[in-house]
>>> print(open('data_4.txt').read())   # compact mmCIF, C-alpha atoms
# COMPACT_ATOMS: atom_id res chain seq x y z
CA MET T 1 0.00 0.00 0.00
CA PHE T 2 2.82 2.38 0.90
CA LYS T 3 4.52 1.70 -2.47
CA ILE T 4 1.34 2.67 -4.36
CA LEU T 5 1.07 5.85 -2.29
CA MET T 6 4.71 6.76 -3.04
CA ILE T 7 4.25 6.10 -6.76
CA CYS T 8 1.15 8.32 -6.82
CA ALA T 9 3.04 11.09 -4.98
CA ILE T 10 5.95 10.94 -7.43
CA VAL T 11 3.63 10.99 -10.44
CA GLY T 12 1.74 13.92 -8.89
CA LEU T 13 4.94 15.89 -8.33
CA ALA T 14 6.12 15.19 -11.88
CA ALA T 15 2.79 16.44 -13.26
CA ALA T 16 2.85 19.55 -11.08
CA PHE T 17 6.14 20.86 -12.47
CA PRO T 18 6.19 21.67 -16.21
CA GLU T 19 8.95 20.38 -18.41
CA GLY T 20 11.92 22.59 -19.23
CA THR T 21 13.63 25.29 -17.29
CA PRO T 22 11.74 28.29 -15.98
CA ASP T 23 12.17 31.56 -17.85
CA GLU T 24 14.68 33.79 -16.17
CA VAL T 25 14.91 37.55 -16.14
CA ILE T 26 17.85 38.85 -18.17
CA LEU T 27 17.13 42.55 -17.67
CA ARG T 28 14.68 44.39 -15.45
CA SER T 29 14.84 48.13 -15.14
CA GLU T 30 12.33 50.50 -13.58
CA ASP T 31 12.96 54.22 -13.28
CA VAL T 32 10.23 56.31 -11.65
CA ARG T 33 10.68 60.09 -11.70
CA PRO T 34 8.41 63.05 -10.91
CA ASP T 35 8.07 63.74 -14.65
CA GLY T 36 7.34 60.14 -15.69
CA PHE T 37 8.74 56.63 -15.74
CA GLU T 38 10.62 54.10 -17.85
CA SER T 39 10.40 50.34 -17.57
CA LYS T 40 12.21 47.53 -19.40
CA LEU T 41 11.95 43.76 -19.09
CA GLU T 42 13.75 41.02 -21.00
CA LEU T 43 13.36 37.28 -20.39
CA THR T 44 15.37 34.30 -21.60
CA ASN T 45 12.46 33.07 -23.75
CA SER T 46 12.69 36.13 -26.07
CA ILE T 47 9.91 38.09 -24.37
CA ASN T 48 10.78 41.79 -24.29
CA GLU T 49 8.78 44.74 -23.01
CA GLN T 50 9.56 48.41 -22.68
CA ARG T 51 7.39 51.38 -21.86
CA SER T 52 7.63 54.96 -20.77
CA GLY T 53 5.17 57.51 -19.51
CA ASP T 54 4.94 61.14 -18.58
CA GLU T 55 3.31 63.09 -15.76
CA HIS T 56 0.10 63.50 -17.81
CA GLY T 57 -0.57 59.78 -17.94
CA ASN T 58 0.54 59.33 -21.55
CA ILE T 59 2.21 55.97 -22.05
CA LYS T 60 4.01 54.55 -25.06
CA GLY T 61 5.77 51.27 -25.38
CA SER T 62 6.17 47.96 -27.12
CA TYR T 63 6.43 44.28 -26.40
CA SER T 64 7.65 41.35 -28.43
CA PHE T 65 7.67 37.58 -28.21
CA VAL T 66 8.11 34.52 -30.39
CA ALA T 67 4.79 32.89 -31.25
CA PRO T 68 4.38 29.10 -31.02
CA GLY T 69 4.78 28.89 -34.81
CA GLY T 70 8.18 30.60 -34.62
CA GLU T 71 6.98 34.03 -35.84
CA HIS T 72 8.54 37.04 -34.11
CA VAL T 73 5.67 39.27 -32.96
CA VAL T 74 6.19 42.96 -32.17
CA ILE T 75 3.38 45.19 -30.88
CA SER T 76 3.84 48.93 -30.33
CA TYR T 77 1.27 51.01 -28.49
CA VAL T 78 0.37 54.49 -27.34
CA ALA T 79 -2.11 55.27 -24.57
CA ASP T 80 -3.04 58.92 -24.19
CA GLU T 81 -6.03 61.28 -24.24
CA ASN T 82 -7.06 59.74 -27.58
CA GLY T 83 -7.28 56.22 -26.10
CA TYR T 84 -5.23 53.07 -26.58
CA ARG T 85 -3.80 52.53 -30.05
CA ALA T 86 -1.79 49.42 -30.87
CA ALA T 87 0.13 48.68 -34.05
CA GLY T 88 1.72 45.50 -35.31
CA ASP T 89 1.85 43.25 -38.35
CA VAL T 90 -0.15 40.51 -36.62
CA LEU T 91 -3.07 42.71 -35.55
CA PRO T 92 -6.23 42.49 -37.68
CA THR T 93 -7.12 45.48 -39.84
CA PRO T 94 -10.58 46.59 -40.97
CA PRO T 95 -11.62 45.81 -44.54
CA PRO T 96 -11.33 48.65 -47.07
CA ILE T 97 -14.32 50.97 -47.52
CA PRO T 98 -16.29 49.99 -50.66
CA VAL T 99 -15.91 52.42 -53.57
CA GLU T 100 -19.62 53.26 -53.58
CA ILE T 101 -19.64 54.19 -49.88
CA GLN T 102 -16.45 56.26 -50.25
CA ARG T 103 -17.97 58.12 -53.20
CA ALA T 104 -21.16 58.80 -51.22
CA LEU T 105 -19.17 60.12 -48.24
CA GLU T 106 -17.19 62.45 -50.52
CA TRP T 107 -20.42 63.74 -52.11
CA ILE T 108 -21.98 64.38 -48.69
CA ALA T 109 -18.87 66.28 -47.58
CA ALA T 110 -18.88 68.38 -50.78
CA HIS T 111 -22.64 69.12 -50.57
CA PRO T 112 -23.53 69.99 -46.98
CA TYR T 113 -27.19 70.31 -46.08
CA VAL T 114 -28.42 73.91 -46.19
CA GLU T 115 -31.77 74.67 -44.61
CA LYS T 116 -33.99 76.83 -46.81
CA GLU T 117 -35.07 80.17 -45.32
CA GLU T 118 -38.79 79.56 -46.01
CA GLU T 119 -38.77 76.25 -44.16
CA ALA T 120 -36.95 77.83 -41.26
CA GLU T 121 -39.53 80.64 -41.01
CA GLU T 122 -42.42 78.14 -41.04
CA GLU T 123 -40.85 76.15 -38.22
CA HIS T 124 -40.39 79.31 -36.13
CA GLU T 125 -44.05 80.29 -36.59
CA GLU T 126 -45.30 76.95 -35.25
>>> encode(input="data_4.txt", output="structure tokens")
Amino acid sequence: MFKILMICAIVGLAAAFPEGTPDEVILRSEDVRPDGFESKLELTNSINEQRSGDEHGNIKGSYSFVAPGGEHVVISYVADENGYRAAGDVLPTPPPIPVEIQRALEWIAAHPYVEKEEEAEEEHEE
């Protein structure tokens, strides 16, 4: 009975720890100043991250890693008063605007709606 219990414990321990070596930190740098901050992180598994920010809350940075298929992925981002904007070759992009819709938008911009004076006077009388 004790042998079965020991075998189960060893199998449980082997399953609890993943294969391979854990990823180690190569570089970690954090600099916090009154006018902003800078942060860098680099791991042995090719994960890199760097970011910086200012006293207004604006942050820009990038991170990169190697995808399971072997592709090197790099994402750059900016977070400021205009929101979060990320850029990278792997991010999806919206489809192009159809020619007909683009033509209609251009026509609308070139021909703004102008309210006729007679209609405006009738609305004021009511």
>>> residues_around(input="data_4.txt", residues="T:Thr44", least_positions_apart="5", cutoff="7 Å", atoms="all atoms listed in the file", output="number ranges by chain")
T: 23-26
>>> closest_residue(input="data_4.txt", among="T:Ile47, T:Pro98, T:Ser52, T:Ile108", to="T:Val73", atoms="all atoms listed in the file")
T:Ile47
>>> atom_distance(input="data_4.txt", atom1="atom CA of T:Ile59", atom2="atom CA of T:Leu43")
21.8 Å
>>> closest_residue(input="data_4.txt", among="T:Ile101, T:Ala87, T:Val66, T:Leu27", to="T:Lys40", atoms="only C-alpha atoms")
T:Leu27
>>> atom_distance(input="data_4.txt", atom1="atom CA of T:Asn45", atom2="atom CA of T:Ser62")
16.5 Å
>>> atom_distance(input="data_4.txt", atom1="atom CA of T:Glu49", atom2="atom CA of T:Pro92")
21.1 Å
>>> residues_around(input="data_4.txt", residues="T:Gly53", least_positions_apart="5", cutoff="6 Å", atoms="all atoms listed in the file", output="mmCIF file with C-alpha atoms, in the frame of the given file")
data_model
loop_
_atom_site.group_PDB
_atom_site.id
_atom_site.type_symbol
_atom_site.label_atom_id
_atom_site.label_comp_id
_atom_site.auth_asym_id
_atom_site.auth_seq_id
_atom_site.Cartn_x
_atom_site.Cartn_y
_atom_site.Cartn_z
ATOM 1 C CA GLY T 36 7.340 60.140 -15.690
ATOM 2 C CA PHE T 37 8.740 56.630 -15.740
ATOM 3 C CA ASN T 58 0.540 59.330 -21.550
ATOM 4 C CA ILE T 59 2.210 55.970 -22.050
#
>>> axis_aligned_box(input="data_4.txt", around="stretch 55-59 of chain T", padding_each_side="8 Å", output="JSON")
{"center_x": 1.4, "center_y": 59.7, "center_z": -18.9, "size_x": 19.9, "size_y": 23.5, "size_z": 22.3}
>>> closest_residue(input="data_4.txt", among="T:Val32, T:Val90, T:Leu41, T:Ala67", to="T:Asp54", atoms="all atoms listed in the file")
T:Val32
>>> closest_residue(input="data_4.txt", among="T:Ser46, T:Gly61, T:Lys116, T:Arg51", to="T:Arg85", atoms="only C-alpha atoms")
T:Gly61
